[in-house]
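Trainee: Dropping a structure here in structure tokens format, bear with me for questions.
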2 protein chains.
Amino acid sequence: MTQYDLVGIGNALVDIVTQSDDAFLAKHGLAKGGMMLIDPDRAAHLYSELATAKESSGGSCGNTMAGFVSLGGAGAYIGKVRNDQFGDVFRHDMNAIGVSFTTPAVDLGPGTGLCLVMVTPDAQRTMCTFLGAAADLTVADIEADVVKAAQVTYLEGYLFDPPAAQQAFVAAAELAHSADRKVAMTLSDSFCVERHRDAFRAMVEDHIDILFANETEILTLYEVDKFDDALQAVRGHCEVACLTRSEKGSVVLSGEDVHVIDSEPVDSVLDTTGAGDLFAAGFLYGYTHGRSLAESARIGSVASAEVIGHYGARPETDLAALVKQRLG
Amino acid sequence: MTQYDLVGIGNALVDIVTQSDDAFLAKHGLAKGGMMLIDPDRAAHLYSELATAKESSGGSCGNTMAGFVSLGGAGAYIGKVRNDQFGDVFRHDMNAIGVSFTTPAVDLGPGTGLCLVMVTPDAQRTMCTFLGAAADLTVADIEADVVKAAQVTYLEGYLFDPPAAQQAFVAAAELAHSADRKVAMTLSDSFCVERHRDAFRAMVEDHIDILFANETEILTLYEVDKFDDALQAVRGHCEVACLTRSEKGSVVLSGEDVHVIDSEPVDSVLDTTGAGDLFAAGFLYGYTHGRSLAESARIGSVASAEVIGHYGARPETDLAALVKQRLG
């Protein structure tokens, strides 16, 4: 028995979700439906002009951890926040949903990372992200006792941009393996993969046991244009590869094993944000709780279908109950 | 070098395609869009009342062979026709498209099999099939020299209903294997699989090198309700299994190899009749011409996409040119 089933390491961002309108987007030069990185001054300015907002912990890996604990797993999180108002929001919220978060807040440097989400009346989401402290993760932030206490350490690929964070990932993977734990990673974003292809490939080959990638990401990693070519390329490069394909479901590869899993039915797809995060949550929940690879992928599909059926990247249903209903 | 790349053994039916209307269907008690088996008297009566019709060789395996020669393959066909007007039509048409057909016509018994296709102004196809002589295939009809002269012998699952035809399939498979040839089969129809599940399973296990099945058929064969469970069940039961999934593409399994191939884009799907037949044609063309399993499946997807883009179950485009354009 380990203390945690899963520890996630990711960009610790506070989501700030607010109702907005086209005039606000136009005034600030924001392309509706887009996602852009912004600097601290712009973040502060935009925030000061926002209407009342709902603030919660966020980030891709944060979404995965929220799903994981909703499924009934014991989860922890490692990520960097500043000792400021938003750092407190992040910590409070993670603890409130039941994810252990003990990474000390830093007293210097950029503020806690933010993701400003402006929802227009047509239900589109326009996002501005200020990475802030989150992107300053270093080897020193990796809490060895937490990593060693978790069955699986899960790494968010978005953190691959800063070289120090890449080093932190390698250190976390080595720590986990030294304690006979498993290491999972999601490629997160095809543009990030494009920028750091060699480093991602080396990471996958040398350190990753369980890889998550959507179709675009895995095609980008191996510079191929057919899904089957990517599938052949990834086989054997890590113990388990989970390739997600939106409505086409997922393909899970492990040695000679291969599973082709259908997506779960969704009444209407409202917002695909978080689909990949929740698939990883469901798969890793199954994986850390003795389910087969096929069952784990089905749990991933159920969690993913829940989150795309409503706005927002976190589950709004008790995922444990939902999985019980769907898989028995 | 063999004389033929492929010999198909199937229900030798003449397609009789005619423009019709709702009043005609109502008068004859035919459910629009359906496919029903009819007896010789009904076939003769319906035929006598039909408007001018286009007559050609047809049947599932006949469609496959038409696709195969359009791709540039050397093909032969074995099937049973009566020495009558429609038997002559079938023979003439097969030879006209370049498929060798030398099975002698019989002088006794039911007439040549017919498939009456009534196309209503809303573009729906209502089909009545009289199997006739086709279903009387026996071991004696299997031309040993043709089977031995073909790289692959391809069996149409629709013929599994009459026990004598099942025996003919086993005899053909044994002949092919005695000459170091390969044997392929399509499950053809989930209702037929349901009726003869044990016989189909025994055939697959004992005699088939290359299996074609759509999703419903393979689920029915193994009595499971998830595609992945069927995939696991079929692995290792034949050298190659091609599982087709309509717009979800296909999965090809061979030992440890697995390929997940996308369907090819189609402007608009007009008539899915023949999709499986043409996938088999394309795959077997690739397989008999030194292409990889993945390339063969892609050729299958290209041929299948062509046939569902227009009415009718036979290619209307030069498939060889189309494949060259798509795959290079």
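Ordering of the structure tokens sets the chain letters (A, B, ...); residue numbers start at 1 within each chain; ligands are numbered from 1 in the order shown.
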With only C-alpha atoms considered, list every residue of chain A at most 9 Å from chain B, as a PDB file with N, CA and C atoms, in the first residue's frame.
Mentor:
```
ATOM      1  N   LYS A 226      -0.101   9.704 -40.578  1.00  0.00           N
ATOM      2  CA  LYS A 226      -1.157   8.694 -40.438  1.00  0.00           C
ATOM      3  C   LYS A 226      -1.135   8.174 -39.006  1.00  0.00           C
ATOM      4  N   PHE A 227      -2.330   8.037 -38.439  1.00  0.00           N
ATOM      5  CA  PHE A 227      -2.404   7.533 -37.070  1.00  0.00           C
ATOM      6  C   PHE A 227      -1.689   6.196 -36.919  1.00  0.00           C
ATOM      7  N   ASP A 228      -1.899   5.296 -37.886  1.00  0.00           N
ATOM      8  CA  ASP A 228      -1.289   3.971 -37.765  1.00  0.00           C
ATOM      9  C   ASP A 228       0.239   4.046 -37.726  1.00  0.00           C
ATOM     10  N   ASP A 229       0.823   4.995 -38.439  1.00  0.00           N
ATOM     11  CA  ASP A 229       2.279   5.129 -38.408  1.00  0.00           C
ATOM     12  C   ASP A 229       2.746   5.577 -37.020  1.00  0.00           C
ATOM     13  N   LEU A 231       1.144   4.965 -34.261  1.00  0.00           N
ATOM     14  CA  LEU A 231       0.901   3.795 -33.411  1.00  0.00           C
ATOM     15  C   LEU A 231       2.093   2.828 -33.495  1.00  0.00           C
ATOM     16  N   GLN A 232       2.553   2.565 -34.711  1.00  0.00           N
ATOM     17  CA  GLN A 232       3.699   1.654 -34.872  1.00  0.00           C
ATOM     18  C   GLN A 232       4.942   2.253 -34.218  1.00  0.00           C
ATOM     19  N   LYS A 248     -13.479   9.034 -31.950  1.00  0.00           N
ATOM     20  CA  LYS A 248     -13.055   7.706 -32.404  1.00  0.00           C
ATOM     21  C   LYS A 248     -12.591   6.823 -31.253  1.00  0.00           C
ATOM     22  N   VAL A 251      -6.895   4.067 -28.311  1.00  0.00           N
ATOM     23  CA  VAL A 251      -6.152   2.836 -28.552  1.00  0.00           C
ATOM     24  C   VAL A 251      -5.109   2.732 -27.446  1.00  0.00           C
ATOM     25  N   GLY A 255       3.114  -3.684 -24.869  1.00  0.00           N
ATOM     26  CA  GLY A 255       3.773  -4.882 -25.377  1.00  0.00           C
ATOM     27  C   GLY A 255       2.977  -5.427 -26.542  1.00  0.00           C
ATOM     28  N   GLU A 256       2.618  -6.715 -26.469  1.00  0.00           N
ATOM     29  CA  GLU A 256       1.814  -7.308 -27.545  1.00  0.00           C
ATOM     30  C   GLU A 256       0.343  -6.945 -27.435  1.00  0.00           C
ATOM     31  N   ASP A 257      -0.057  -6.456 -26.270  1.00  0.00           N
ATOM     32  CA  ASP A 257      -1.473  -6.132 -26.072  1.00  0.00           C
ATOM     33  C   ASP A 257      -1.867  -4.890 -26.851  1.00  0.00           C
ATOM     34  N   VAL A 258      -3.066  -4.942 -27.376  1.00  0.00           N
ATOM     35  CA  VAL A 258      -3.621  -3.736 -27.987  1.00  0.00           C
ATOM     36  C   VAL A 258      -5.115  -3.743 -27.722  1.00  0.00           C
ATOM     37  N   HIS A 259      -5.635  -2.585 -27.368  1.00  0.00           N
ATOM     38  CA  HIS A 259      -7.067  -2.461 -27.111  1.00  0.00           C
ATOM     39  C   HIS A 259      -7.601  -1.271 -27.883  1.00  0.00           C
ATOM     40  N   VAL A 260      -8.723  -1.468 -28.527  1.00  0.00           N
ATOM     41  CA  VAL A 260      -9.376  -0.391 -29.273  1.00  0.00           C
ATOM     42  C   VAL A 260     -10.697  -0.115 -28.556  1.00  0.00           C
ATOM     43  N   ILE A 261     -10.749   1.017 -27.877  1.00  0.00           N
ATOM     44  CA  ILE A 261     -11.873   1.312 -26.986  1.00  0.00           C
ATOM     45  C   ILE A 261     -12.721   2.437 -27.573  1.00  0.00           C
ATOM     46  N   ASP A 262     -14.017   2.225 -27.591  1.00  0.00           N
ATOM     47  CA  ASP A 262     -14.914   3.256 -28.132  1.00  0.00           C
ATOM     48  C   ASP A 262     -15.081   4.406 -27.154  1.00  0.00           C
ATOM     49  N   ALA A 294      -8.078  -2.483 -20.666  1.00  0.00           N
ATOM     50  CA  ALA A 294      -9.313  -2.152 -21.398  1.00  0.00           C
ATOM     51  C   ALA A 294     -10.323  -1.486 -20.469  1.00  0.00           C
TER      52      ALA A 294
END
```
Trainee: For the structure I just gave you, how does DSSP split segment 42-76 of chain A - specifically, which residues are strand (DSSP E)? Reply as number ranges by chain.
Mentor: A: 53-58, 75-76
Trainee: Can you list, as a ChimeraX atom specification, all residues belonging to segment 27-245 of chain B that DSSP tags as helix (DSSP H, G or I)?
Mentor: /B:27,40-49,60-70,85-97,132-136,139-141,144-148,157-160,163-178,190-195,197-207,215-222,227-234
Trainee: Please list as a PyMOL selection string every residue within 8 Å of Leu270 of chain A, counting only C-alpha atoms and excluding residues in the same chain fewer than 4 positions away.
Mentor: chain A and resi 308-311
Trainee: List the spatial neighbours of Gln85 of chain A as an MDAnalysis selection string - criterion: any atom at most 10 Å away, only C-alpha atoms, same-chain residues fewer than 5 positions off excluded.
Mentor: chainID A and resid 90 111:112
Trainee: What would the file look like if the residues just selected were written as a JSON list (two decimals), in the first residue's frame with N, CA and C atoms?
Mentor:
```json
[["chain", "number", "residue", "atom", "x", "y", "z"],
["A", 90, "PHE", "N", -5.40, 28.64, -4.80],
["A", 90, "PHE", "CA", -5.05, 27.35, -5.38],
["A", 90, "PHE", "C", -4.95, 26.27, -4.28],
["A", 111, "GLY", "N", 4.15, 36.14, -9.71],
["A", 111, "GLY", "CA", 2.98, 35.72, -8.93],
["A", 111, "GLY", "C", 2.45, 34.37, -9.39],
["A", 112, "THR", "N", 1.47, 33.88, -8.64],
["A", 112, "THR", "CA", 0.83, 32.61, -8.97],
["A", 112, "THR", "C", 0.23, 32.68, -10.38]]
```
